[in-house]
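Engineer: A single structure is presented below for examination.
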Amino acid sequence: MKISHQNLFSDLQAKCVWSICVIKTTEKCYSLTWTEWVQQETDPSAQGVYSLIFEECEEDQRGAGGGDLLAGIYYPGCETESDILNTFFGAMHNKDREELETIFSNEFLGDPEAVKNMDKFIERYTPSYSNLLAAWEVNDTICIQLRRFDAFICLHFDNKQTDKISSIRVFDSTTEDEESLSQYDFNQDEMGIYFPD
């Protein structure tokens, strides 16, 4: 086993390494991909391995891209959360409203007020990957902590279309923390986008 590919992201306050190695057995090949914060001045407790993905792969896979944006260990079944998070970041970074709409439920997209708030949300919270402090899943909700906006952005999955988002709630990270988010009942929210003010 050896590391076959490595990428590095770095800014003044953080340094992140994405690595992949291919493991060959007598029967199959597997890839092990991980994301590690080697420096994290904004949140020193986040330093260390952030995400780990172990999956079957092709023998000639050399690895590309990075690790998962979603914290934790990758397992079959969490692809939806990871895909939603990657689509969300890509669409928001590029201010691509059409791509962003692909993650929302039909009911959300059919509500004029929710759709109107999407433009306000895009303009107000355009994250870049360098602003990501952490992203995790709790209670059918993806919680994203962003450094630049002092915000937690929580994407809640729809109860009917379980692979789509029905609401977004933004919390002020100067007054809320991970524990208070884990205790919040996102099922009480109506479909839409909720801002802290």
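Naming works like this for the structure tokens: A, B, ... for the chains as they're shown, residue 1 at the start of each chain, ligands 1 onward in shown order.
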Could you find all residues in chain A that DSSP calls strand (DSSP E or B) from the backbone, and write them as a PyMOL selection string?
Structural biologist: chain A and resi 2-10+14-24+29-40+48-57+72-73+104+132-138+141-146+151-157+165-172+192-194
Engineer: Determine which residues of range 47-177 of chain A DSSP labels as helix (DSSP H, G or I) from the backbone of this structure, then write them out as a PyMOL selection string.
Structural biologist: chain A and resi 79-93+97-101+106-109+112-124+129-131
Engineer: Residues at most 8 Å from Tyr74 in chain A, counting only C-alpha atoms, excluding those fewer than 5 positions away in the same chain, as a PyMOL selection string?
Structural biologist: chain A and resi 51-54
Engineer: Rank A:Arg124, A:Thr25, A:Thr87, A:Arg148 by their smallest atom-to-atom distance to Leu100 in chain A, using only C-alpha atoms, and report the top residue only.
Structural biologist: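 Closest candidate: A:Thr87.
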Engineer: To one decimal in Å, tell me the separation between CA of Cys21 in chain A and CA of Gly90 in chain A.
Structural biologist: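 Interatomic distance here is 25.3 Å.
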Engineer: Which polymer residues have any atom within 7 Å of an atom of Phe104 in chain A, counting only C-alpha atoms, with same-chain residues fewer than 6 positions away left out, as a PDB file with all heavy atoms, in the first residue's frame?
Structural biologist:
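Full text of selection.pdb as output:
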```
ATOM      1  N   LYS A 164     -33.852  14.944  -1.362  1.00  0.00           N
ATOM      2  CA  LYS A 164     -33.904  16.369  -1.699  1.00  0.00           C
ATOM      3  C   LYS A 164     -34.044  17.197  -0.426  1.00  0.00           C
ATOM      4  O   LYS A 164     -34.469  16.712   0.615  1.00  0.00           O
ATOM      5  CB  LYS A 164     -35.095  16.666  -2.619  1.00  0.00           C
ATOM      6  CG  LYS A 164     -35.075  15.928  -3.945  1.00  0.00           C
ATOM      7  CD  LYS A 164     -33.978  16.442  -4.851  1.00  0.00           C
ATOM      8  CE  LYS A 164     -34.030  15.736  -6.206  1.00  0.00           C
ATOM      9  NZ  LYS A 164     -32.977  16.190  -7.095  1.00  0.00           N
ATOM     10  N   ILE A 165     -33.726  18.482  -0.531  1.00  0.00           N
ATOM     11  CA  ILE A 165     -33.771  19.419   0.590  1.00  0.00           C
ATOM     12  C   ILE A 165     -35.104  20.161   0.597  1.00  0.00           C
ATOM     13  O   ILE A 165     -35.561  20.623  -0.448  1.00  0.00           O
ATOM     14  CB  ILE A 165     -32.601  20.435   0.483  1.00  0.00           C
ATOM     15  CG1 ILE A 165     -31.249  19.720   0.514  1.00  0.00           C
ATOM     16  CG2 ILE A 165     -32.693  21.501   1.573  1.00  0.00           C
ATOM     17  CD1 ILE A 165     -30.965  18.945   1.776  1.00  0.00           C
ATOM     18  N   SER A 166     -35.715  20.270   1.782  1.00  0.00           N
ATOM     19  CA  SER A 166     -36.988  20.997   1.879  1.00  0.00           C
ATOM     20  C   SER A 166     -36.838  22.338   2.593  1.00  0.00           C
ATOM     21  O   SER A 166     -37.678  23.213   2.444  1.00  0.00           O
ATOM     22  CB  SER A 166     -38.039  20.156   2.600  1.00  0.00           C
ATOM     23  OG  SER A 166     -37.652  19.929   3.937  1.00  0.00           O
TER      24      SER A 166
END
```
